[in-house]
file coords.cif (mmCIF, C-alpha atoms, pLDDT in the B column; chains and numbers go by the auth columns)
data_run
loop_
_atom_site.group_PDB
_atom_site.id
_atom_site.type_symbol
_atom_site.label_atom_id
_atom_site.label_comp_id
_atom_site.label_asym_id
_atom_site.label_seq_id
_atom_site.Cartn_x
_atom_site.Cartn_y
_atom_site.Cartn_z
_atom_site.B_iso_or_equiv
_atom_site.auth_seq_id
_atom_site.auth_asym_id
ATOM 1 C CA MET A 1 3.799 10.612 -28.002 73.00 41 L
ATOM 2 C CA GLU A 2 2.836 8.631 -31.115 72.00 42 L
ATOM 3 C CA THR A 3 2.969 5.447 -29.059 79.00 43 L
ATOM 4 C CA PHE A 4 0.576 6.957 -26.513 82.00 44 L
ATOM 5 C CA ASP A 5 -1.724 8.060 -29.337 84.00 45 L
ATOM 6 C CA ASN A 6 -1.998 4.390 -30.314 88.00 46 L
ATOM 7 C CA THR A 7 -2.210 2.882 -26.827 89.00 47 L
ATOM 8 C CA ARG A 8 -4.548 5.323 -25.078 92.00 48 L
ATOM 9 C CA PRO A 9 -7.593 4.169 -27.084 93.00 49 L
ATOM 10 C CA LEU A 10 -6.718 0.600 -26.064 93.00 50 L
ATOM 11 C CA VAL A 11 -6.624 1.558 -22.389 94.00 51 L
ATOM 12 C CA ALA A 12 -9.969 3.292 -22.921 95.00 52 L
ATOM 13 C CA CYS A 13 -11.317 0.024 -24.317 95.00 53 L
ATOM 14 C CA PHE A 14 -10.023 -1.901 -21.277 96.00 54 L
ATOM 15 C CA ALA A 15 -11.922 0.517 -19.039 96.00 55 L
ATOM 16 C CA LEU A 16 -14.993 0.115 -21.243 97.00 56 L
ATOM 17 C CA GLY A 17 -14.730 -3.647 -20.881 97.00 57 L
ATOM 18 C CA CYS A 18 -14.650 -3.507 -17.083 97.00 58 L
ATOM 19 C CA SER A 19 -17.565 -1.100 -16.954 97.00 59 L
ATOM 20 C CA ARG A 20 -19.637 -3.075 -19.512 97.00 60 L
ATOM 21 C CA ALA A 21 -19.092 -6.277 -17.544 97.00 61 L
ATOM 22 C CA SER A 22 -20.128 -4.473 -14.352 97.00 62 L
ATOM 23 C CA LEU A 23 -23.266 -3.096 -15.987 97.00 63 L
ATOM 24 C CA ASP A 24 -24.232 -6.504 -17.344 96.00 64 L
ATOM 25 C CA ARG A 25 -23.617 -8.160 -13.978 97.00 65 L
ATOM 26 C CA ILE A 26 -25.583 -5.601 -11.969 96.00 66 L
ATOM 27 C CA LYS A 27 -28.500 -5.986 -14.377 95.00 67 L
ATOM 28 C CA GLU A 28 -28.377 -9.756 -13.737 94.00 68 L
ATOM 29 C CA LEU A 29 -28.233 -9.280 -9.972 94.00 69 L
ATOM 30 C CA LEU A 30 -31.105 -6.776 -9.937 93.00 70 L
ATOM 31 C CA ALA A 31 -33.266 -8.522 -12.542 90.00 71 L
ATOM 32 C CA GLU A 32 -35.904 -9.495 -9.970 86.00 72 L
ATOM 33 C CA GLN A 33 -36.166 -5.948 -8.540 81.00 73 L
ATOM 34 C CA THR A 34 -36.017 -4.014 -11.814 79.00 74 L
ATOM 35 C CA SER A 35 -37.708 -4.193 -15.165 78.00 75 L
ATOM 36 C CA LEU A 36 -35.624 -2.301 -17.669 77.00 76 L
ATOM 37 C CA ASP A 37 -37.814 -0.995 -20.472 75.00 77 L
ATOM 38 C CA TYR A 38 -35.923 1.201 -22.907 77.00 78 L
ATOM 39 C CA ASP A 39 -39.143 2.401 -24.530 76.00 79 L
ATOM 40 C CA ARG A 40 -40.424 3.913 -21.273 77.00 80 L
ATOM 41 C CA PRO A 41 -39.431 7.489 -20.318 76.00 81 L
ATOM 42 C CA VAL A 42 -36.790 7.679 -17.590 76.00 82 L
ATOM 43 C CA ASP A 43 -39.201 9.776 -15.505 78.00 83 L
ATOM 44 C CA ASN A 44 -41.484 6.743 -15.123 79.00 84 L
ATOM 45 C CA CYS A 45 -39.031 4.308 -13.569 83.00 85 L
ATOM 46 C CA SER A 46 -37.376 3.561 -10.253 85.00 86 L
ATOM 47 C CA ALA A 47 -34.237 5.347 -9.072 87.00 87 L
ATOM 48 C CA ILE A 48 -32.124 2.226 -9.664 89.00 88 L
ATOM 49 C CA GLU A 49 -33.459 1.838 -13.198 89.00 89 L
ATOM 50 C CA ALA A 50 -32.780 5.518 -13.909 89.00 90 L
ATOM 51 C CA GLU A 51 -29.240 5.104 -12.573 93.00 91 L
ATOM 52 C CA ILE A 52 -28.641 2.116 -14.857 92.00 92 L
ATOM 53 C CA TYR A 53 -29.977 4.086 -17.831 92.00 93 L
ATOM 54 C CA ARG A 54 -27.638 6.994 -17.030 93.00 94 L
ATOM 55 C CA MET A 55 -24.645 4.674 -16.680 96.00 95 L
ATOM 56 C CA GLU A 56 -25.463 3.006 -19.979 95.00 96 L
ATOM 57 C CA ALA A 57 -25.737 6.390 -21.704 95.00 97 L
ATOM 58 C CA GLU A 58 -22.327 7.430 -20.326 97.00 98 L
ATOM 59 C CA TRP A 59 -20.878 4.100 -21.411 98.00 99 L
ATOM 60 C CA GLU A 60 -22.247 4.495 -24.939 97.00 100 L
ATOM 61 C CA ALA A 61 -20.810 8.016 -25.326 97.00 101 L
ATOM 62 C CA THR A 62 -17.442 6.808 -24.082 97.00 102 L
ATOM 63 C CA TYR A 63 -17.542 3.822 -26.424 98.00 103 L
ATOM 64 C CA TRP A 64 -17.939 6.016 -29.504 98.00 104 L
ATOM 65 C CA LEU A 65 -15.103 8.314 -28.400 96.00 105 L
ATOM 66 C CA ALA A 66 -12.803 5.297 -28.097 96.00 106 L
ATOM 67 C CA ILE A 67 -13.944 3.915 -31.452 97.00 107 L
ATOM 68 C CA LYS A 68 -13.201 7.236 -33.160 97.00 108 L
ATOM 69 C CA ALA A 69 -9.726 7.499 -31.598 96.00 109 L
ATOM 70 C CA ALA A 70 -8.901 3.887 -32.507 95.00 110 L
ATOM 71 C CA TRP A 71 -10.218 4.302 -36.048 96.00 111 L
ATOM 72 C CA MET A 72 -8.051 7.393 -36.533 95.00 112 L
ATOM 73 C CA ALA A 73 -4.997 5.512 -35.254 93.00 113 L
ATOM 74 C CA ASP A 74 -5.718 2.572 -37.570 93.00 114 L
ATOM 75 C CA ASN A 75 -5.989 4.957 -40.506 94.00 115 L
ATOM 76 C CA ARG A 76 -2.771 6.784 -39.584 92.00 116 L
ATOM 77 C CA GLN A 77 -4.543 10.043 -38.830 94.00 117 L
ATOM 78 C CA SER A 78 -3.349 12.404 -36.116 91.00 118 L
ATOM 79 C CA ASN A 79 -5.386 11.473 -33.071 91.00 119 L
ATOM 80 C CA SER A 80 -3.592 12.988 -30.072 91.00 120 L
ATOM 81 C CA LEU A 81 -6.658 15.002 -29.093 93.00 121 L
ATOM 82 C CA GLU A 82 -9.104 12.158 -29.617 95.00 122 L
ATOM 83 C CA ALA A 83 -6.859 9.605 -27.885 94.00 123 L
ATOM 84 C CA SER A 84 -6.557 11.802 -24.807 93.00 124 L
ATOM 85 C CA ILE A 85 -10.274 12.625 -24.758 94.00 125 L
ATOM 86 C CA SER A 86 -11.246 8.963 -25.035 95.00 126 L
ATOM 87 C CA LYS A 87 -8.736 7.882 -22.384 95.00 127 L
ATOM 88 C CA ALA A 88 -9.781 10.634 -19.967 94.00 128 L
ATOM 89 C CA LYS A 89 -13.497 9.969 -20.402 95.00 129 L
ATOM 90 C CA ALA A 90 -13.130 6.180 -20.270 95.00 130 L
ATOM 91 C CA GLY A 91 -11.006 6.315 -17.132 94.00 131 L
ATOM 92 C CA ARG A 92 -13.467 8.549 -15.328 95.00 132 L
ATOM 93 C CA VAL A 93 -16.621 6.804 -16.569 97.00 133 L
ATOM 94 C CA GLY A 94 -15.196 3.312 -16.090 96.00 134 L
ATOM 95 C CA ASN A 95 -14.256 4.088 -12.527 96.00 135 L
ATOM 96 C CA TYR A 96 -17.660 5.643 -11.802 97.00 136 L
ATOM 97 C CA ILE A 97 -19.665 2.790 -13.329 98.00 137 L
ATOM 98 C CA THR A 98 -17.737 -0.040 -11.699 97.00 138 L
ATOM 99 C CA LEU A 99 -17.825 1.570 -8.252 97.00 139 L
ATOM 100 C CA ARG A 100 -21.504 2.446 -8.584 97.00 140 L
ATOM 101 C CA CYS A 101 -22.328 -1.132 -9.592 97.00 141 L
ATOM 102 C CA VAL A 102 -20.503 -2.376 -6.497 96.00 142 L
ATOM 103 C CA GLU A 103 -22.620 -0.008 -4.393 96.00 143 L
ATOM 104 C CA LEU A 104 -25.869 -1.047 -6.075 95.00 144 L
ATOM 105 C CA ALA A 105 -25.082 -4.707 -5.358 94.00 145 L
ATOM 106 C CA GLY A 106 -24.835 -3.915 -1.643 92.00 146 L
ATOM 107 C CA SER A 107 -22.764 -6.220 0.530 91.00 147 L
ATOM 108 C CA LEU A 108 -22.555 -8.770 -2.295 90.00 148 L
ATOM 109 C CA GLY A 109 -20.647 -6.232 -4.398 90.00 149 L
ATOM 110 C CA TYR A 110 -17.817 -6.078 -1.880 89.00 150 L
ATOM 111 C CA THR A 111 -17.181 -9.819 -1.639 90.00 151 L
ATOM 112 C CA GLU A 112 -14.305 -11.444 -3.458 87.00 152 L
ATOM 113 C CA ASP A 113 -16.730 -14.073 -4.727 87.00 153 L
ATOM 114 C CA GLU A 114 -18.323 -11.436 -6.944 90.00 154 L
ATOM 115 C CA LEU A 115 -16.369 -10.071 -9.921 94.00 155 L
ATOM 116 C CA LEU A 116 -17.808 -6.589 -9.397 95.00 156 L
ATOM 117 C CA GLU A 117 -15.218 -6.013 -6.685 94.00 157 L
ATOM 118 C CA LYS A 118 -12.340 -7.010 -8.989 94.00 158 L
ATOM 119 C CA TRP A 119 -13.584 -4.883 -11.883 95.00 159 L
ATOM 120 C CA ALA A 120 -13.836 -1.868 -9.580 94.00 160 L
ATOM 121 C CA ARG A 121 -10.206 -2.327 -8.496 93.00 161 L
ATOM 122 C CA ASP A 122 -9.073 -2.853 -12.091 93.00 162 L
ATOM 123 C CA SER A 123 -10.874 0.270 -13.273 93.00 163 L
ATOM 124 C CA LYS A 124 -8.870 2.461 -10.914 91.00 164 L
ATOM 125 C CA ILE A 125 -5.535 1.530 -12.469 92.00 165 L
ATOM 126 C CA LEU A 126 -7.030 2.046 -15.936 90.00 166 L
ATOM 127 C CA ASP A 127 -7.881 5.601 -14.883 86.00 167 L
ATOM 128 C CA ILE A 128 -4.238 6.215 -13.952 87.00 168 L
ATOM 129 C CA PHE A 129 -2.406 4.049 -16.518 81.00 169 L
ATOM 130 C CA GLU A 130 -1.140 5.827 -19.685 79.00 170 L
ATOM 131 C CA GLY A 131 -1.566 9.234 -18.033 79.00 171 L
ATOM 132 C CA THR A 132 -3.691 10.576 -15.215 86.00 172 L
ATOM 133 C CA GLN A 133 -6.756 12.769 -15.684 83.00 173 L
ATOM 134 C CA GLN A 134 -4.618 15.869 -15.129 87.00 174 L
ATOM 135 C CA ILE A 135 -2.144 14.845 -17.864 87.00 175 L
ATOM 136 C CA GLN A 136 -4.969 14.083 -20.288 89.00 176 L
ATOM 137 C CA GLN A 137 -6.603 17.449 -19.591 89.00 177 L
ATOM 138 C CA LEU A 138 -3.294 19.202 -20.171 89.00 178 L
ATOM 139 C CA ILE A 139 -2.815 17.433 -23.512 88.00 179 L
ATOM 140 C CA ILE A 140 -6.393 18.216 -24.532 90.00 180 L
ATOM 141 C CA ALA A 141 -5.970 21.895 -23.612 92.00 181 L
ATOM 142 C CA ARG A 142 -2.709 22.127 -25.576 91.00 182 L
ATOM 143 C CA ARG A 143 -4.307 20.578 -28.666 90.00 183 L
ATOM 144 C CA LEU A 144 -7.437 22.722 -28.489 90.00 184 L
ATOM 145 C CA LEU A 145 -5.523 25.943 -27.867 92.00 185 L
ATOM 146 C CA GLY A 146 -2.724 25.111 -30.303 90.00 186 L
ATOM 147 C CA LEU A 147 -0.026 25.660 -27.684 87.00 187 L
ATOM 148 C CA SER A 148 3.244 23.814 -27.124 86.00 188 L
ATOM 149 C CA SER A 149 4.275 22.161 -23.876 82.00 189 L
ATOM 150 C CA SER A 150 6.545 25.110 -23.082 84.00 190 L
ATOM 151 C CA GLN A 151 3.668 27.541 -23.592 84.00 191 L
ATOM 152 C CA LEU A 152 1.149 25.610 -21.469 82.00 192 L
ATOM 153 C CA LYS A 153 2.501 23.744 -18.449 76.00 193 L
#

call {"tool": "encode", "arguments": {"input": "coords.cif", "output": "structure tokens"}}
result
Amino acid sequence: METFDNTRPLVACFALGCSRASLDRIKELLAEQTSLDYDRPVDNCSAIEAEIYRMEAEWEATYWLAIKAAWMADNRQSNSLEASISKAKAGRVGNYITLRCVELAGSLGYTEDELLEKWARDSKILDIFEGTQQIQQLIIARRLLGLSSSQLK
């Protein structure tokens, strides 16, 4: 389990990388149709702009979870809970963001000429790799409840 505590934050960072690249690329592709203004309230923007803002907020929250888990591992602190939380969140958010960016790009997002399609495929394995969502939730529940694997299956 100690190995997983060290590698799960790394897998979370891989998922963050795919989703960040997808966000940056979709912003490039939609630059002519959108004008992202982070000082303007989200209520005063288009649906696509609001969607990009929401995805960026999810990405940022996931980023800080992964940073905390990695920092704890680097400083030899027990991070089983944080590693599983960051991996679970990054897998789910990474998959959502990459697939949503493919959708926002329309037919261009599904072509092999566009990296959005590759990042979406890569994000799916990062959601599964190092433990599925169900495994991560089980580990998180055990840590939060203070139960052993025999007590909570």

call {"tool": "atom_distance", "arguments": {"input": "coords.cif", "atom1": "CA of Val133 in chain L", "atom2": "CA of Ala110 in chain L"}}
result
17.9 Å

call {"tool": "residues_around", "arguments": {"input": "coords.cif", "residues": "Lys127 in chain L", "least_positions_apart": "5", "cutoff": "9 Å", "atoms": "all atoms listed in the file", "output": "MDAnalysis selection string"}}
result
chainID L and resid 48:53 55 102 105:106 122 132 166:167 170:171 173 176

call {"tool": "residues_around", "arguments": {"input": "coords.cif", "residues": "Arg80 in chain L", "least_positions_apart": "4", "cutoff": "12 Å", "atoms": "all atoms listed in the file", "output": "compact mmCIF listing (two decimals) with C-alpha atoms, keeping the file's coordinate frame"}}
result
# COMPACT_ATOMS: atom_id res chain seq x y z
CA SER L 75 -37.71 -4.19 -15.16
CA LEU L 76 -35.62 -2.30 -17.67
CA ASN L 84 -41.48 6.74 -15.12
CA CYS L 85 -39.03 4.31 -13.57
CA SER L 86 -37.38 3.56 -10.25
CA GLU L 89 -33.46 1.84 -13.20
CA ALA L 90 -32.78 5.52 -13.91
CA TYR L 93 -29.98 4.09 -17.83

call {"tool": "resolve_selection", "arguments": {"input": "coords.cif", "expression": "the PyMOL selection byres ((chain L and resi 44) around 9)", "output": "compact mmCIF listing (two decimals) with C-alpha atoms, in the frame of the given file"}}
result
# COMPACT_ATOMS: atom_id res chain seq x y z
CA MET L 41 3.80 10.61 -28.00
CA GLU L 42 2.84 8.63 -31.12
CA THR L 43 2.97 5.45 -29.06
CA ASP L 45 -1.72 8.06 -29.34
CA ASN L 46 -2.00 4.39 -30.31
CA THR L 47 -2.21 2.88 -26.83
CA ARG L 48 -4.55 5.32 -25.08
CA PRO L 49 -7.59 4.17 -27.08
CA SER L 120 -3.59 12.99 -30.07
CA ALA L 123 -6.86 9.60 -27.88
CA SER L 124 -6.56 11.80 -24.81
CA GLU L 170 -1.14 5.83 -19.68

call {"tool": "atom_distance", "arguments": {"input": "coords.cif", "atom1": "CA of Ser59 in chain L", "atom2": "CA of Glu72 in chain L"}}
result
21.3 Å

call {"tool": "closest_residue", "arguments": {"input": "coords.cif", "among": "L:Leu185, L:Ala109, L:Val82, L:Leu156", "to": "Asn135 in chain L", "atoms": "only C-alpha atoms"}}
result
L:Leu156

call {"tool": "residues_around", "arguments": {"input": "coords.cif", "residues": "Ile88 in chain L", "least_positions_apart": "6", "cutoff": "10 Å", "atoms": "only C-alpha atoms", "output": "PyMOL selection string"}}
result
chain L and resi 70+73-74+76+94+144

call {"tool": "closest_residue", "arguments": {"input": "coords.cif", "among": "L:Arg60, L:Lys193, L:Arg116, L:Arg182", "to": "Ala130 in chain L", "atoms": "all atoms listed in the file"}}
result
L:Arg60

call {"tool": "residues_around", "arguments": {"input": "coords.cif", "residues": "Leu139 in chain L", "least_positions_apart": "4", "cutoff": "9 Å", "atoms": "all atoms listed in the file", "output": "list in words"}}
result
Ser62, Gly134, Asn135, Glu143, Leu144, Leu156, Glu157, Trp159, Ala160, Arg161 and Ser163 of chain L

call {"tool": "write_last_selection", "arguments": {"input": "coords.cif", "atoms": "C-alpha atoms", "output": "PDB file, in the frame of the given file"}}
result
ATOM      1  CA  SER L  62     -20.128  -4.473 -14.352  1.00 97.00           C
ATOM      2  CA  GLY L 134     -15.196   3.312 -16.090  1.00 96.00           C
ATOM      3  CA  ASN L 135     -14.256   4.088 -12.527  1.00 96.00           C
ATOM      4  CA  GLU L 143     -22.620  -0.008  -4.393  1.00 96.00           C
ATOM      5  CA  LEU L 144     -25.869  -1.047  -6.075  1.00 95.00           C
ATOM      6  CA  LEU L 156     -17.808  -6.589  -9.397  1.00 95.00           C
ATOM      7  CA  GLU L 157     -15.218  -6.013  -6.685  1.00 94.00           C
ATOM      8  CA  TRP L 159     -13.584  -4.883 -11.883  1.00 95.00           C
ATOM      9  CA  ALA L 160     -13.836  -1.868  -9.580  1.00 94.00           C
ATOM     10  CA  ARG L 161     -10.206  -2.327  -8.496  1.00 93.00           C
ATOM     11  CA  SER L 163     -10.874   0.270 -13.273  1.00 93.00           C
TER      12      SER L 163
END

call {"tool": "build_atoms", "arguments": {"input": "coords.cif", "residues": "range 70-95 of chain L", "atoms": "N, CA, C and O atoms", "output": "PDB file, in the coordinates of the input"}}
result
ATOM      1  N   LEU L  70     -29.900  -7.543 -10.284  1.00 93.00           N
ATOM      2  CA  LEU L  70     -31.105  -6.776  -9.937  1.00 93.00           C
ATOM      3  C   LEU L  70     -32.301  -7.106 -10.821  1.00 93.00           C
ATOM      4  O   LEU L  70     -33.307  -6.400 -10.790  1.00 93.00           O
ATOM      5  N   ALA L  71     -32.208  -8.184 -11.582  1.00 90.00           N
ATOM      6  CA  ALA L  71     -33.266  -8.522 -12.542  1.00 90.00           C
ATOM      7  C   ALA L  71     -34.624  -8.713 -11.871  1.00 90.00           C
ATOM      8  O   ALA L  71     -35.657  -8.334 -12.438  1.00 90.00           O
ATOM      9  N   GLU L  72     -34.631  -9.265 -10.659  1.00 86.00           N
ATOM     10  CA  GLU L  72     -35.904  -9.495  -9.970  1.00 86.00           C
ATOM     11  C   GLU L  72     -36.520  -8.201  -9.433  1.00 86.00           C
ATOM     12  O   GLU L  72     -37.725  -8.100  -9.303  1.00 86.00           O
ATOM     13  N   GLN L  73     -35.664  -7.202  -9.111  1.00 81.00           N
ATOM     14  CA  GLN L  73     -36.166  -5.948  -8.540  1.00 81.00           C
ATOM     15  C   GLN L  73     -36.432  -4.877  -9.597  1.00 81.00           C
ATOM     16  O   GLN L  73     -37.089  -3.891  -9.312  1.00 81.00           O
ATOM     17  N   THR L  74     -35.873  -5.043 -10.782  1.00 79.00           N
ATOM     18  CA  THR L  74     -36.017  -4.014 -11.814  1.00 79.00           C
ATOM     19  C   THR L  74     -36.589  -4.615 -13.084  1.00 79.00           C
ATOM     20  O   THR L  74     -36.439  -5.800 -13.349  1.00 79.00           O
ATOM     21  N   SER L  75     -37.229  -3.776 -13.842  1.00 78.00           N
ATOM     22  CA  SER L  75     -37.708  -4.193 -15.165  1.00 78.00           C
ATOM     23  C   SER L  75     -37.290  -3.093 -16.144  1.00 78.00           C
ATOM     24  O   SER L  75     -37.965  -2.086 -16.294  1.00 78.00           O
ATOM     25  N   LEU L  76     -36.146  -3.311 -16.753  1.00 77.00           N
ATOM     26  CA  LEU L  76     -35.624  -2.301 -17.669  1.00 77.00           C
ATOM     27  C   LEU L  76     -36.437  -2.313 -18.955  1.00 77.00           C
ATOM     28  O   LEU L  76     -36.557  -3.335 -19.625  1.00 77.00           O
ATOM     29  N   ASP L  77     -37.006  -1.159 -19.268  1.00 75.00           N
ATOM     30  CA  ASP L  77     -37.814  -0.995 -20.472  1.00 75.00           C
ATOM     31  C   ASP L  77     -37.310   0.267 -21.169  1.00 75.00           C
ATOM     32  O   ASP L  77     -37.596   1.384 -20.727  1.00 75.00           O
ATOM     33  N   TYR L  78     -36.574   0.077 -22.240  1.00 77.00           N
ATOM     34  CA  TYR L  78     -35.923   1.201 -22.907  1.00 77.00           C
ATOM     35  C   TYR L  78     -36.897   2.052 -23.725  1.00 77.00           C
ATOM     36  O   TYR L  78     -36.523   3.103 -24.218  1.00 77.00           O
ATOM     37  N   ASP L  79     -38.130   1.606 -23.835  1.00 76.00           N
ATOM     38  CA  ASP L  79     -39.143   2.401 -24.530  1.00 76.00           C
ATOM     39  C   ASP L  79     -39.880   3.340 -23.583  1.00 76.00           C
ATOM     40  O   ASP L  79     -40.578   4.244 -24.029  1.00 76.00           O
ATOM     41  N   ARG L  80     -39.728   3.111 -22.279  1.00 77.00           N
ATOM     42  CA  ARG L  80     -40.424   3.913 -21.273  1.00 77.00           C
ATOM     43  C   ARG L  80     -39.577   5.132 -20.908  1.00 77.00           C
ATOM     44  O   ARG L  80     -38.356   5.024 -20.777  1.00 77.00           O
ATOM     45  N   PRO L  81     -40.192   6.302 -20.725  1.00 76.00           N
ATOM     46  CA  PRO L  81     -39.431   7.489 -20.318  1.00 76.00           C
ATOM     47  C   PRO L  81     -38.743   7.274 -18.974  1.00 76.00           C
ATOM     48  O   PRO L  81     -39.274   6.586 -18.098  1.00 76.00           O
ATOM     49  N   VAL L  82     -37.567   7.852 -18.813  1.00 76.00           N
ATOM     50  CA  VAL L  82     -36.790   7.679 -17.590  1.00 76.00           C
ATOM     51  C   VAL L  82     -37.511   8.266 -16.380  1.00 76.00           C
ATOM     52  O   VAL L  82     -37.265   7.863 -15.254  1.00 76.00           O
ATOM     53  N   ASP L  83     -38.437   9.185 -16.607  1.00 78.00           N
ATOM     54  CA  ASP L  83     -39.201   9.776 -15.505  1.00 78.00           C
ATOM     55  C   ASP L  83     -40.177   8.783 -14.879  1.00 78.00           C
ATOM     56  O   ASP L  83     -40.643   9.000 -13.769  1.00 78.00           O
ATOM     57  N   ASN L  84     -40.491   7.713 -15.598  1.00 79.00           N
ATOM     58  CA  ASN L  84     -41.484   6.743 -15.123  1.00 79.00           C
ATOM     59  C   ASN L  84     -40.843   5.437 -14.648  1.00 79.00           C
ATOM     60  O   ASN L  84     -41.403   4.373 -14.853  1.00 79.00           O
ATOM     61  N   CYS L  85     -39.690   5.528 -14.036  1.00 83.00           N
ATOM     62  CA  CYS L  85     -39.031   4.308 -13.569  1.00 83.00           C
ATOM     63  C   CYS L  85     -38.439   4.540 -12.182  1.00 83.00           C
ATOM     64  O   CYS L  85     -38.422   5.660 -11.682  1.00 83.00           O
ATOM     65  N   SER L  86     -37.948   3.466 -11.594  1.00 85.00           N
ATOM     66  CA  SER L  86     -37.376   3.561 -10.253  1.00 85.00           C
ATOM     67  C   SER L  86     -36.025   4.275 -10.308  1.00 85.00           C
ATOM     68  O   SER L  86     -35.426   4.434 -11.375  1.00 85.00           O
ATOM     69  N   ALA L  87     -35.533   4.663  -9.148  1.00 87.00           N
ATOM     70  CA  ALA L  87     -34.237   5.347  -9.072  1.00 87.00           C
ATOM     71  C   ALA L  87     -33.103   4.445  -9.549  1.00 87.00           C
ATOM     72  O   ALA L  87     -32.182   4.907 -10.223  1.00 87.00           O
ATOM     73  N   ILE L  88     -33.173   3.167  -9.224  1.00 89.00           N
ATOM     74  CA  ILE L  88     -32.124   2.226  -9.664  1.00 89.00           C
ATOM     75  C   ILE L  88     -32.155   2.073 -11.174  1.00 89.00           C
ATOM     76  O   ILE L  88     -31.113   2.080 -11.835  1.00 89.00           O
ATOM     77  N   GLU L  89     -33.348   1.948 -11.744  1.00 89.00           N
ATOM     78  CA  GLU L  89     -33.459   1.838 -13.198  1.00 89.00           C
ATOM     79  C   GLU L  89     -32.925   3.095 -13.876  1.00 89.00           C
ATOM     80  O   GLU L  89     -32.187   3.011 -14.859  1.00 89.00           O
ATOM     81  N   ALA L  90     -33.272   4.255 -13.342  1.00 89.00           N
ATOM     82  CA  ALA L  90     -32.780   5.518 -13.909  1.00 89.00           C
ATOM     83  C   ALA L  90     -31.259   5.590 -13.822  1.00 89.00           C
ATOM     84  O   ALA L  90     -30.601   6.058 -14.754  1.00 89.00           O
ATOM     85  N   GLU L  91     -30.691   5.117 -12.729  1.00 93.00           N
ATOM     86  CA  GLU L  91     -29.240   5.104 -12.573  1.00 93.00           C
ATOM     87  C   GLU L  91     -28.590   4.190 -13.605  1.00 93.00           C
ATOM     88  O   GLU L  91     -27.569   4.535 -14.210  1.00 93.00           O
ATOM     89  N   ILE L  92     -29.172   3.043 -13.844  1.00 92.00           N
ATOM     90  CA  ILE L  92     -28.641   2.116 -14.857  1.00 92.00           C
ATOM     91  C   ILE L  92     -28.736   2.747 -16.238  1.00 92.00           C
ATOM     92  O   ILE L  92     -27.794   2.666 -17.031  1.00 92.00           O
ATOM     93  N   TYR L  93     -29.839   3.408 -16.533  1.00 92.00           N
ATOM     94  CA  TYR L  93     -29.977   4.086 -17.831  1.00 92.00           C
ATOM     95  C   TYR L  93     -28.902   5.160 -18.007  1.00 92.00           C
ATOM     96  O   TYR L  93     -28.306   5.295 -19.071  1.00 92.00           O
ATOM     97  N   ARG L  94     -28.659   5.945 -16.958  1.00 93.00           N
ATOM     98  CA  ARG L  94     -27.638   6.994 -17.030  1.00 93.00           C
ATOM     99  C   ARG L  94     -26.252   6.391 -17.244  1.00 93.00           C
ATOM    100  O   ARG L  94     -25.466   6.892 -18.047  1.00 93.00           O
ATOM    101  N   MET L  95     -25.953   5.317 -16.518  1.00 96.00           N
ATOM    102  CA  MET L  95     -24.645   4.674 -16.680  1.00 96.00           C
ATOM    103  C   MET L  95     -24.482   4.108 -18.085  1.00 96.00           C
ATOM    104  O   MET L  95     -23.409   4.211 -18.690  1.00 96.00           O
TER     105      MET L  95
END
